[in-house]
Structure formats: structure tokens, C-alpha cells
Amino acid sequence: MTYALGAAQALAARDDVTGVEIVTRLIDDPTLGPAYALPYEPIDAKLAVRRIATANRAYLSKEANAADRDAFAEALIAHLATAPHLPDVIHAHFADAAEVARKVRDRFGIPFVYTAHSLGIDKLHSGVGDPGMARRLAEETDAIGAADLIVASSRDEAERQLMLYPTACPTRIHCLPPGAGIAESTPTDLDAARRLIAPFLRDPDKPMILAIARAVAKKNLAGLVDLYGADADLRARANLVIVAGLRDGPDSGEPEQRAVIASLLAGMDRHDLYGSMALPKRHSRADIAALYALARASGGVFVNPALVEPYGLTLTEAALHGVPVVATCHGGPADIVATLHHGRIADPRDPRAFADAIRALLDDGIEWARCSAEGAIRSKTLDWHGYAARFVEIVRSLRAVPAASPAPTRLLLCDIDNTLTGCTAGAADVAPFLASQPTLAFGVATGRSLQEAERLLREWRMPTPRVLITSVGSEIYWRDGTRLRPDTGYAEWIDEGWDPDAFDAVVGALEGVERQPAVEQRRYKRSYFVEARGAIAAVRAAVAHLPVRVIHSHGRLLDILPARAGKGAAMKWVARSLGIAAEHVYAAGDSGNDLDMLSQVRNGILVANHSAELKPLIGRPTIYVSRRPHAGGVVEGMRAFAGRAAA
């Protein structure tokens with residue numbers, strides 16, 4: 001509800017949004033209070049909560065809610081049928097809401113956006129048992145296939161987790177991190193937090209190891225208790241504070257919650273953690289903010305030891321309050337920590353390594369202070385107003401009417417990193433130049449994924465490309481109006497002979513070779529970190545008998561692609577698809593993964609900041625070496641080629 005409320009408030013604050021409603025079930029339960037039985041609850045002039053009543057008005061567990069879903073959908077449709085205005089879009093949170101949104105769309109034609117929040121497929125792979133997993137995966141598969149657009153919270157969710165589902169299409173997936181969860185400023189009075197944990201702790205002034213998570217098995221809170229309990233040094237240095245939801249006692253809540261709480265109490269007893277571990281039963285939103293502040297004041301660390309974490313909103317909350325973090329390496333936290341620079345990631349399946357990561361931050365005051373300051377500063381960029389602005393931009397693409405454009409007679413393909421990006425002045429020259437060339441089709445050819453390519457182009461305010469060649473030439477996406485579509489013909493063509501299982505294990509085991517994170521692996525690309533010349537040669541030798549290509553760039557990035565793939569091959573495919581002759585194709589780049597494209601094009605541009613990997617191209621009559629770096633060099637090169645043609 002925190003996510004939905006934060007997003008809804010930011011959307012309602014926008015001048016281009018007429019109104020926002022949060023729609024949920026009406027619950028008439030005296031133990032919960034009368035607020036949940038209000039059919040309509042205004043929050044402000046443009047924001048309200050609407051509660052839809054069914055015949056069953058009791059509070060329902062997750063499983064029981066599924067039985068009432070059809071009735072809820074029918075009641076919502078009946079309400080909308082009499083409403084004076086239909087909504088422009090529905091944002092469905094979780095797969096059960098997506099099923100309802102799909103029925104509403106079938107009835108009224110209202111498009112819907114889907115946000116999963118927590119996908120089951122990683123929970124399945126993590127080994128956490130769930131008797132309802134088959135049904136959950138089926139519901140998520142249907143939601144992913146049915147949604148008009150999908151909003152993911154992290155690169156890992158957008159590019160890896162969602163793509164594990166057979167119905168996923170990357171052109172409908174947008175990565176949009178949520179805002180920081182707790183908007184209140186850090187409280188100066190820490191007494192509320194001290195009162196919450198004082199009954200549990202013998203020395204409450206020790207640094208705090210703080211964990212805040214729902215009491216579910218995948219959050220691995222019992223594992224955190226065990227690694228803390230087994231490490232006498234860590235126990236001596238810090239207290240462990242776990243906030244695992246609200247409960248009245250060990251027997252309250254749903255079965256999984258009861259099982260998790262029981263495991264935490266058992267761990268406390270097994271390791272004799274009385275006096276050094278706190279497990280409060282009740283807390284308010286203000287208490288959580290105070291706990292973050294107390295963790296910071298004590299020189300403590302926030303931890304997320306989940307076996308798998310789709311995003312990790314608490315990590316942004318910790319950053320907002322200046323608390324360094326140690327987070328699981330499985331899922332979205334790697335993105336958050338890489339963005340906010342406020343801690344480190346570790347594998348919770350290796351308790352010693354996870355404990356060592358916590359200890360390292362507790363011991364290193366300079367690193368602790370850097371992480372605290374970086375998180376507090378950088379987290380301010382993750383606000384709900386930025387989320388709302390991007391969300392509106394994404395939704396507008398559902399209704400936008402594309403402008404007519406003349407058939408292209410020429411094609412320009414540009415690398416992104418350090419070619420189009422790197423200089424704001426040069427980047428500002430690109431749009432006016434392309435506007436003056438109405439028959440020049442503009443595209444990009446990048447090592448980045450589709451979502452990352454679009455993010456960078458948006459950040460650098462680049463014109464919208466007609467075609468995107470991504471993942472080092474292993475994927476092609478065409479823009480049809482305001483939508484993108486994958487080039488399935490190209491994918492089928494490069495698939496011939498591609499068998500990554502034949503080399504992946506062997507290459508990954510070579511000395512000096514490290515697999516890049518799972519989010520960087522693609523259907524037709526395997527990626528590694530390799531720096532030493534000997535290791536590069538070993539990789540080439542290991543795959544020499546296979547129909548693959550090895551591309552090394554930026555000093556340490558190594559990609560293995562199908563033999564038919566690559567930026568050069570993709571460039572030729574795009575030119576043929578557009579009916580553009582080779583002499584009218586232009587390409588610009590700066591690094592080794594541009595080499596095969598620039599060596600095959602008849603009009604190549606090396607920007608002035610090009611790497612040593614491209615020096616062999618200098619002097620070729622097909623290559624223009626710009627005096628200007630980055631995007632300014634691209635424009636310079638295009639004008640130089642135009643001058644040659646005129647002469």
C-alpha cells in the first residue's frame with residue numbers, strides 16, 4: 001500500500017493528471033476499525049480511496065481473496081458502468097489485480113499497466129517452498145502476456161526475472177524505480193526507537209544491525225539470526241534488531257508468518273541472544289523512521305539477507321536516512337546499491353561472507369561515513385515525483401498518434417556510451433542536425449540492453465531512434481509509431497548453431513575470467529569480465545571450434561555471440577530492411593565493440609575520444625576521424641561526408 005499511495009500522491013499532484021483513485025476491497029470487520037468499510041475516502045482534491053464491496057465483506061487471507069476475485073471484478077465493472085467518466089488507464093499491482101484489470105479492459109477498452117512487485121519464479125528457483133506456486137506462476141504468466149505495458153522496479157526484474165516467463169516481450173517492459181519509501185525527514189528525537197528496543201537489549205548503545213522485512217521465508221530472517229548467533233565477534237560488536245511485521249503473539253497471523261516468527265524465536269533461544277537481539281511486536285510508521293535514525297546514530301548497518309529480492313524498497317529508505325547497507329546479491333538490490341553507492345552486496349547463502357561484509361562496514365569508519373553520505377545524497381533522486389513524471393510519459397505512449405515521416409534514403413547508426421553520451425554540448429547538437437535531415441533514418445547500435453539504451457537516450461535527451469540494435473548486435477527492435485517490436489526474423493537467422501551450453505561452463509571456469517551478473521546475460525549473448533591478454537586468448541581458444549564470435553571492448557568486457565550476430569551484421573540487416581544501399585549507410589563509434597560495424601561500413605566516423613582498440617581503422621578511406629569528441633564528433637563527421645558528396 002505504501003508503494004501505491006506514494007505513486008498516487010505524486011501523480012495526483014501533477015497538473016496533467018485530473019484524478020487518481022486507489023481501488024481495493026471493502027472490508028467490514030470491527031477488529032480493523034470503521035475506516036476499511038468506507039466506500040469512498042477522499043485524501044485530497046484529486047486523490048481518493050474507493051472500496052468495492054462484494055457479498056463477502058470479511059477480511060480475507062491471500063488464498064481466500066482468490067475465491068472472491070471474480071465477484072470483486074464484477075462489482076468494479078458494475079461501478080464503472082455507472083461512473084460519469086472512465087479512467088484513462090488502470091495500474092494493476094500484483095497478478096491478481098492484473099486479472100481484474102484484464103476483465104475491465106475487455107469490457108471497456110481501458111488499457112492497463114502491470115507491476116508485479118514480487119515475482120514467483122525467483123522464489124521457485126531459490127528453493128523456498130510454496131504449495132500455491134504453480135497457480136501463482138500461471139497467474140503471473142497471464143498478467144505479463146496480457147498487460148499493455150509493464151513497469152518493473154529494477155534492471156534485474158525488467159531484464160532477467162520477467163524474461164524468464166514465456167509471455168514476456170521486452171518492448172512492453174519499462175524499468176522505473178519507485179520513490180524512497182519514507183518521506184519524513186530524519187527525526188531528531190530518537191526516544192521512540194530506544195523505547196521500542198530497550199526491553200530486549202542489555203547494551204542498547206551498541207551499533208545496530210537493523211533488518212525490516214515481512215515475515216516470509218524468502219526474506220531469510222532466520223538465516224540472519226543464525227549467522228549473527230554463530231559469529232561471537234559480531235555479537236560482541238553490535239545488537240541485532242529485526243522488525244518482522246505486526247503481531248499480537250507467536251500464534252497470530254497467517255501460517256507462513258507464524259512459521260517465520262517461530263523460527264526467529266527458536267534462533268534467539270538456540271544461540272542465547274537474549275540481551276543482544278530485539279524483535280518488537282508492534283510499531284508505527286514513525287517508529288520505523290526513528291529506527292533508521294537510531295541505526296545511523298549508533299554507527300550501525302541496515303541489512304537485507306533475502307534469498308531473493310525483486311527490488312528492496314527498504315534499501316532506499318535506509319539510504320534516505322543515511323544508513324549504510326549490506327544487501328543480498330540476488331535480485332534488485334544490486335541495482336540499488338550500484339546506483340546509490342551506499343554499501344555492498346553479498347550472498348546470504350554464504351553466511352560467513354555476509355557476516356564479513358557487515359563487519360567490514362562496522363569496522364571501517366571512513367567507508368561507513370562515505371556510504372552514509374552517498375546514500376543520503378543520491379536517494380533524493382529517487383523520489384515519487386520523478387516516478388510520476390516517467391509513468392505519465394510511459395502511459396502516454398499507449399494513446400499517442402505517430403507523426404508521419406518521409407521514407408528514409410540514408411541510415412545513421414551510432415553507438416551510445418561515449419559516442420552519443422559524454423558531452424552535453426555535443427549531445428545538444430544531435431537533435432537539430434537530425435531535424436534538418438528528414439530522410440536520414442537515425443538508429444543506435446549499442447552493447448546495452450534495450451531498457452538501458454532507452455534510459456540513456458532519455459537522460460541525454462537524444463532524438464527517438466527509428467531502430468535500436470542492442471546487446472552488441474544480438475537484438476534488433478523497430479519503432480512502429482509509438483511502440484517497439486522485436487525483429488524476430490533477425491533472431492531466427494542468428495540462432496543457427498547457437499548453443500551457449502557448449503561453452504559457458506568451460507569459459508566461466510578459465511583463470512582470469514569472471515561471469516558478468518545474470519542481468520547482463522541475454523538469449524544470444526554471454527558476457528564476462530576479462531582483462532589479461534592471456535585470458536582473452538584462452539577464451540578464444542576455448543570456443544574456436546564453435547560457430548560464435550568473441551568481442552572484447554573497454555579493456556575488460558568480453559561478449560560471445562552467435563557467429564551471424566554483431567553490430568556489423570545487424571547494420572546490414574537493418575539497411576536491407578529499409579531498402580537503403582550500402583553507400584548511404586553511416587556508422588559512428590568509439591570502442592572495440594564497434595569495430596566490426598566500422599570496418600564494414602562505407603562511411604564510418606571515429607569520434608575523437610575513440611579507444612586504442614579502433615586505431616587500426618585510422619587511415620582507411622572509409623573512416624573519418626573527428627576532431628570533436630562524443631556526439632559533436634558524430635555531427636562533424638556527418639557534415640564532412642556531406643561535403644565529400646557535394647564535391
# chains A, B, ... in the order shown; residues from 1 in each chain; ligands from 1
$ residues_around --residues "Leu190 (chain A)" --least-positions-apart "4" --cutoff "8 Å" --atoms "only C-alpha atoms" --output "list in words"
Arg194, Ala290, Leu291, Ala293 and Leu294 of chain A
$ select_by_dssp --residues "region 216-398 of chain A" --states "strand (DSSP E or B)" --output "VMD selection string"
chain A and resid 239 to 243 275 277 to 278 301 to 304 309 325 to 328 331 343 to 346
$ atom_distance --atom1 "CA of Ala83 (chain A)" --atom2 "CA of Tyr36 (chain A)"
21.6 Å
$ residues_around --residues "region 412-419 of chain A" --least-positions-apart "5" --cutoff "9 Å" --atoms "only C-alpha atoms" --output "ChimeraX atom specification"
/A:440-448,453,456-457,467-469,571,584-591,594,606-607,609-610,629-634,638
$ closest_atom_pairs --of "region 137-240 of chain A" --to "region 296-318 of chain A" --cutoff "7 Å" --atoms "only C-alpha atoms" --output "Markdown table"
| residue | atom | partner | partner_atom | distance |
| --- | --- | --- | --- | --- |
| A:Ser153 | CA | A:Tyr311 | CA | 6.1 |
| A:Ser154 | CA | A:Tyr311 | CA | 6.2 |
| A:Glu157 | CA | A:Pro310 | CA | 6.2 |
| A:Ala180 | CA | A:Thr316 | CA | 5.3 |
| A:Gly181 | CA | A:Glu317 | CA | 5.5 |
| A:Ile182 | CA | A:Glu317 | CA | 6.0 |
| A:Asp205 | CA | A:Ser298 | CA | 6.7 |
| A:Lys206 | CA | A:Ser298 | CA | 6.5 |
| A:Pro207 | CA | A:Gly300 | CA | 4.5 |
| A:Met208 | CA | A:Gly300 | CA | 4.4 |
| A:Ile209 | CA | A:Val301 | CA | 5.0 |
| A:Leu210 | CA | A:Phe302 | CA | 4.7 |
| A:Ala211 | CA | A:Val303 | CA | 5.3 |
| A:Lys218 | CA | A:Leu307 | CA | 5.4 |
| A:Lys219 | CA | A:Ala306 | CA | 4.0 |
| A:Asn220 | CA | A:Ala306 | CA | 5.0 |
| A:Leu221 | CA | A:Pro305 | CA | 6.9 |
| A:Leu224 | CA | A:Pro305 | CA | 6.5 |
$ write_last_selection --atoms "N, CA, C and O atoms" --output "short mmCIF file (atom, residue, chain, number, x, y, z; two decimals), in the first residue's frame"
data_model
loop_
_atom_site.label_atom_id
_atom_site.label_comp_id
_atom_site.auth_asym_id
_atom_site.auth_seq_id
_atom_site.Cartn_x
_atom_site.Cartn_y
_atom_site.Cartn_z
N SER A 153 10.62 -2.56 -11.32
CA SER A 153 11.29 -1.68 -10.36
C SER A 153 12.80 -1.65 -10.53
O SER A 153 13.45 -0.71 -10.06
N SER A 154 13.38 -2.66 -11.16
CA SER A 154 14.83 -2.72 -11.27
C SER A 154 15.23 -3.36 -12.60
O SER A 154 14.41 -4.00 -13.27
N GLU A 157 14.71 -7.12 -12.46
CA GLU A 157 13.32 -7.52 -12.67
C GLU A 157 12.93 -7.36 -14.14
O GLU A 157 12.28 -8.24 -14.72
N ALA A 180 11.73 6.76 -2.80
CA ALA A 180 12.15 6.34 -1.46
C ALA A 180 10.90 6.22 -0.58
O ALA A 180 10.02 7.06 -0.62
N GLY A 181 10.85 5.16 0.21
CA GLY A 181 9.61 4.78 0.87
C GLY A 181 9.11 5.68 1.96
O GLY A 181 7.93 5.90 2.10
N ILE A 182 10.00 6.18 2.81
CA ILE A 182 9.55 7.00 3.93
C ILE A 182 9.97 8.43 3.67
O ILE A 182 11.15 8.75 3.62
N ASP A 205 23.25 0.91 23.48
CA ASP A 205 24.07 1.92 22.81
C ASP A 205 25.04 1.32 21.79
O ASP A 205 25.74 2.05 21.10
N LYS A 206 25.11 0.01 21.70
CA LYS A 206 25.95 -0.62 20.67
C LYS A 206 25.44 -0.27 19.27
O LYS A 206 24.26 0.03 19.09
N PRO A 207 26.31 -0.35 18.25
CA PRO A 207 25.82 -0.20 16.87
C PRO A 207 24.70 -1.20 16.58
O PRO A 207 24.71 -2.32 17.10
N MET A 208 23.78 -0.79 15.74
CA MET A 208 22.61 -1.61 15.44
C MET A 208 22.74 -2.26 14.06
O MET A 208 23.04 -1.59 13.08
N ILE A 209 22.52 -3.56 14.02
CA ILE A 209 22.31 -4.26 12.75
C ILE A 209 20.80 -4.36 12.60
O ILE A 209 20.14 -5.09 13.33
N LEU A 210 20.25 -3.60 11.65
CA LEU A 210 18.80 -3.46 11.52
C LEU A 210 18.28 -4.17 10.29
O LEU A 210 18.84 -4.02 9.19
N ALA A 211 17.23 -4.97 10.46
CA ALA A 211 16.54 -5.61 9.33
C ALA A 211 15.06 -5.33 9.46
O ALA A 211 14.49 -5.47 10.55
N LYS A 218 11.24 -16.27 2.22
CA LYS A 218 12.26 -15.84 1.26
C LYS A 218 13.09 -14.66 1.78
O LYS A 218 14.18 -14.40 1.27
N LYS A 219 12.58 -13.95 2.80
CA LYS A 219 13.35 -12.83 3.36
C LYS A 219 14.53 -13.32 4.21
O LYS A 219 15.40 -12.54 4.58
N ASN A 220 14.54 -14.61 4.55
CA ASN A 220 15.70 -15.25 5.19
C ASN A 220 16.07 -14.59 6.53
O ASN A 220 17.25 -14.51 6.88
N LEU A 221 15.09 -14.16 7.27
CA LEU A 221 15.37 -13.55 8.57
C LEU A 221 15.93 -14.57 9.55
O LEU A 221 16.80 -14.24 10.38
N LEU A 224 19.53 -14.81 8.99
CA LEU A 224 20.24 -13.69 9.59
C LEU A 224 20.50 -13.94 11.07
O LEU A 224 21.60 -13.67 11.58
#
$ closest_residue --among "A:Thr31, A:Thr82, A:Thr24, A:Ser474" --to "Ile52 (chain A)" --atoms "only C-alpha atoms"
A:Thr24
$ closest_atom_pairs --of "region 95-178 of chain A" --to "region 379-383 of chain A" --cutoff "10 Å" --atoms "only C-alpha atoms" --output "JSON lines"
{"residue": "A:Leu176", "atom": "CA", "partner": "A:Leu382", "partner_atom": "CA", "distance": 9.9}
{"residue": "A:Pro177", "atom": "CA", "partner": "A:Leu382", "partner_atom": "CA", "distance": 7.3}
{"residue": "A:Pro178", "atom": "CA", "partner": "A:Leu382", "partner_atom": "CA", "distance": 6.8}
$ write_last_selection --atoms "C-alpha atoms" --output "PDB file, in the first residue's frame"
ATOM      1  CA  LEU A 176      11.020   2.583 -13.345  1.00  0.00           C
ATOM      2  CA  PRO A 177      12.435   2.528  -9.790  1.00  0.00           C
ATOM      3  CA  PRO A 178       9.955   3.607  -7.105  1.00  0.00           C
TER       4      PRO A 178
END
$ residues_around --residues "Val430 (chain A)" --least-positions-apart "5" --cutoff "10 Å" --atoms "only C-alpha atoms" --output "list in words"
Leu420, Ala425, Ala435, Arg461, Met462, Pro463, Ala631, Gly632, Val634 and Val635 of chain A
$ select_by_dssp --residues "region 3-48 of chain A" --states "helix (DSSP H, G or I)" --output "list in words"
Tyr3, Ala4, Leu5, Gly6, Ala7, Ala8, Gln9, Ala10, Leu11, Ala12, Pro30, Thr31, Leu32, Pro34, Ala35, Tyr36 and Ala37 of chain A
$ write_last_selection --atoms "N, CA and C atoms" --output "short mmCIF file (atom, residue, chain, number, x, y, z; two decimals), in the first residue's frame"
data_model
loop_
_atom_site.label_atom_id
_atom_site.label_comp_id
_atom_site.auth_asym_id
_atom_site.auth_seq_id
_atom_site.Cartn_x
_atom_site.Cartn_y
_atom_site.Cartn_z
N TYR A 3 3.72 1.74 -1.56
CA TYR A 3 4.10 2.00 -2.95
C TYR A 3 2.95 2.68 -3.68
N ALA A 4 1.76 2.10 -3.60
CA ALA A 4 0.61 2.64 -4.32
C ALA A 4 0.27 4.05 -3.85
N LEU A 5 0.35 4.28 -2.54
CA LEU A 5 0.00 5.60 -2.01
C LEU A 5 1.04 6.63 -2.43
N GLY A 6 2.33 6.29 -2.35
CA GLY A 6 3.37 7.23 -2.76
C GLY A 6 3.24 7.62 -4.22
N ALA A 7 3.03 6.62 -5.08
CA ALA A 7 2.87 6.90 -6.51
C ALA A 7 1.60 7.70 -6.77
N ALA A 8 0.51 7.33 -6.11
CA ALA A 8 -0.77 8.01 -6.33
C ALA A 8 -0.71 9.48 -5.91
N GLN A 9 -0.08 9.75 -4.78
CA GLN A 9 0.03 11.13 -4.32
C GLN A 9 0.84 11.98 -5.30
N ALA A 10 1.93 11.42 -5.81
CA ALA A 10 2.76 12.16 -6.76
C ALA A 10 2.02 12.37 -8.08
N LEU A 11 1.28 11.37 -8.53
CA LEU A 11 0.50 11.52 -9.77
C LEU A 11 -0.59 12.57 -9.60
N ALA A 12 -1.28 12.53 -8.47
CA ALA A 12 -2.37 13.48 -8.23
C ALA A 12 -1.86 14.92 -8.14
N PRO A 30 -15.06 -5.30 12.57
CA PRO A 30 -14.92 -4.42 13.75
C PRO A 30 -13.51 -4.40 14.32
N THR A 31 -12.76 -5.49 14.18
CA THR A 31 -11.41 -5.52 14.76
C THR A 31 -10.44 -4.62 14.00
N LEU A 32 -10.79 -4.27 12.76
CA LEU A 32 -9.92 -3.41 11.95
C LEU A 32 -10.32 -1.95 12.01
N PRO A 34 -13.57 1.16 11.55
CA PRO A 34 -14.58 1.52 10.54
C PRO A 34 -14.01 2.05 9.23
N ALA A 35 -12.74 2.46 9.22
CA ALA A 35 -12.20 3.11 8.02
C ALA A 35 -12.25 2.20 6.80
N TYR A 36 -12.02 0.90 6.99
CA TYR A 36 -11.98 -0.03 5.86
C TYR A 36 -13.36 -0.33 5.27
N ALA A 37 -14.39 0.13 5.93
CA ALA A 37 -15.76 -0.07 5.44
C ALA A 37 -16.31 1.15 4.73
#
$ residues_around --residues "Thr18 (chain A)" --least-positions-apart "3" --cutoff "10 Å" --atoms "only C-alpha atoms" --output "PyMOL selection string"
chain A and resi 11-15+45-47+87
$ write_last_selection --atoms "N, CA, C and O atoms" --output "PDB file, in the first residue's frame"
ATOM      1  N   LEU A  11       1.276  11.375  -8.531  1.00  0.00           N
ATOM      2  CA  LEU A  11       0.502  11.520  -9.765  1.00  0.00           C
ATOM      3  C   LEU A  11      -0.588  12.574  -9.597  1.00  0.00           C
ATOM      4  O   LEU A  11      -0.809  13.410 -10.479  1.00  0.00           O
ATOM      5  N   ALA A  12      -1.283  12.530  -8.466  1.00  0.00           N
ATOM      6  CA  ALA A  12      -2.373  13.480  -8.231  1.00  0.00           C
ATOM      7  C   ALA A  12      -1.864  14.916  -8.145  1.00  0.00           C
ATOM      8  O   ALA A  12      -2.615  15.860  -8.410  1.00  0.00           O
ATOM      9  N   ALA A  13      -0.596  15.085  -7.789  1.00  0.00           N
ATOM     10  CA  ALA A  13      -0.035  16.433  -7.669  1.00  0.00           C
ATOM     11  C   ALA A  13       0.301  17.056  -9.024  1.00  0.00           C
ATOM     12  O   ALA A  13       0.583  18.254  -9.096  1.00  0.00           O
ATOM     13  N   ARG A  14       0.246  16.272 -10.083  1.00  0.00           N
ATOM     14  CA  ARG A  14       0.611  16.772 -11.409  1.00  0.00           C
ATOM     15  C   ARG A  14      -0.552  17.524 -12.061  1.00  0.00           C
ATOM     16  O   ARG A  14      -1.711  17.110 -11.961  1.00  0.00           O
ATOM     17  N   ASP A  15      -0.210  18.585 -12.777  1.00  0.00           N
ATOM     18  CA  ASP A  15      -1.233  19.376 -13.463  1.00  0.00           C
ATOM     19  C   ASP A  15      -1.868  18.614 -14.622  1.00  0.00           C
ATOM     20  O   ASP A  15      -3.015  18.889 -14.993  1.00  0.00           O
ATOM     21  N   ALA A  45      -8.001  16.766  -3.049  1.00  0.00           N
ATOM     22  CA  ALA A  45      -8.946  17.148  -4.105  1.00  0.00           C
ATOM     23  C   ALA A  45      -8.912  16.208  -5.303  1.00  0.00           C
ATOM     24  O   ALA A  45      -9.923  16.016  -5.980  1.00  0.00           O
ATOM     25  N   LYS A  46      -7.756  15.616  -5.593  1.00  0.00           N
ATOM     26  CA  LYS A  46      -7.618  14.767  -6.792  1.00  0.00           C
ATOM     27  C   LYS A  46      -7.266  13.317  -6.474  1.00  0.00           C
ATOM     28  O   LYS A  46      -6.940  12.561  -7.375  1.00  0.00           O
ATOM     29  N   LEU A  47      -7.311  12.933  -5.214  1.00  0.00           N
ATOM     30  CA  LEU A  47      -6.911  11.581  -4.822  1.00  0.00           C
ATOM     31  C   LEU A  47      -7.902  11.014  -3.814  1.00  0.00           C
ATOM     32  O   LEU A  47      -8.302  11.703  -2.867  1.00  0.00           O
ATOM     33  N   PRO A  87     -11.742   5.811 -16.332  1.00  0.00           N
ATOM     34  CA  PRO A  87     -10.320   6.148 -16.220  1.00  0.00           C
ATOM     35  C   PRO A  87      -9.609   5.966 -17.561  1.00  0.00           C
ATOM     36  O   PRO A  87     -10.055   5.195 -18.421  1.00  0.00           O
TER      37      PRO A  87
END
$ atom_distance --atom1 "CA of Glu63 (chain A)" --atom2 "CA of Gly132 (chain A)"
8.8 Å
$ residues_around --residues "Leu60 (chain A)" --least-positions-apart "6" --cutoff "10 Å" --atoms "only C-alpha atoms" --output "VMD selection string"
chain A and resid 25 27 66 to 68
$ write_last_selection --atoms "N, CA and C atoms" --output "short mmCIF file (atom, residue, chain, number, x, y, z; two decimals), in the first residue's frame"
data_model
loop_
_atom_site.label_atom_id
_atom_site.label_comp_id
_atom_site.auth_asym_id
_atom_site.auth_seq_id
_atom_site.Cartn_x
_atom_site.Cartn_y
_atom_site.Cartn_z
N ARG A 25 -10.67 -3.72 -1.93
CA ARG A 25 -11.87 -4.35 -1.39
C ARG A 25 -12.40 -3.57 -0.20
N ILE A 27 -13.89 -3.80 3.39
CA ILE A 27 -13.82 -4.78 4.48
C ILE A 27 -14.60 -4.23 5.67
N ALA A 66 -8.55 -15.02 -3.48
CA ALA A 66 -8.63 -15.54 -4.84
C ALA A 66 -10.04 -16.03 -5.16
N ALA A 67 -10.72 -16.60 -4.16
CA ALA A 67 -12.08 -17.10 -4.38
C ALA A 67 -13.07 -15.96 -4.57
N ASP A 68 -12.74 -14.78 -4.06
CA ASP A 68 -13.65 -13.64 -4.14
C ASP A 68 -13.31 -12.71 -5.32
#
$ closest_atom_pairs --of "region 174-223 of chain A" --to "region 257-272 of chain A" --cutoff "9 Å" --atoms "only C-alpha atoms" --output "tab-separated table"
residue	atom	partner	partner_atom	distance
A:Arg214	CA	A:Gln257	CA	8.1
A:Ala215	CA	A:Gln257	CA	5.0
A:Val216	CA	A:Gln257	CA	5.9
A:Ala217	CA	A:Val260	CA	6.3
A:Asn220	CA	A:Val260	CA	8.9
A:Leu221	CA	A:Leu264	CA	7.2
A:Ala222	CA	A:Leu264	CA	5.4
A:Gly223	CA	A:Leu264	CA	8.9
$ atom_distance --atom1 "CA of Pro621 (chain A)" --atom2 "CA of Arg549 (chain A)"
26.2 Å
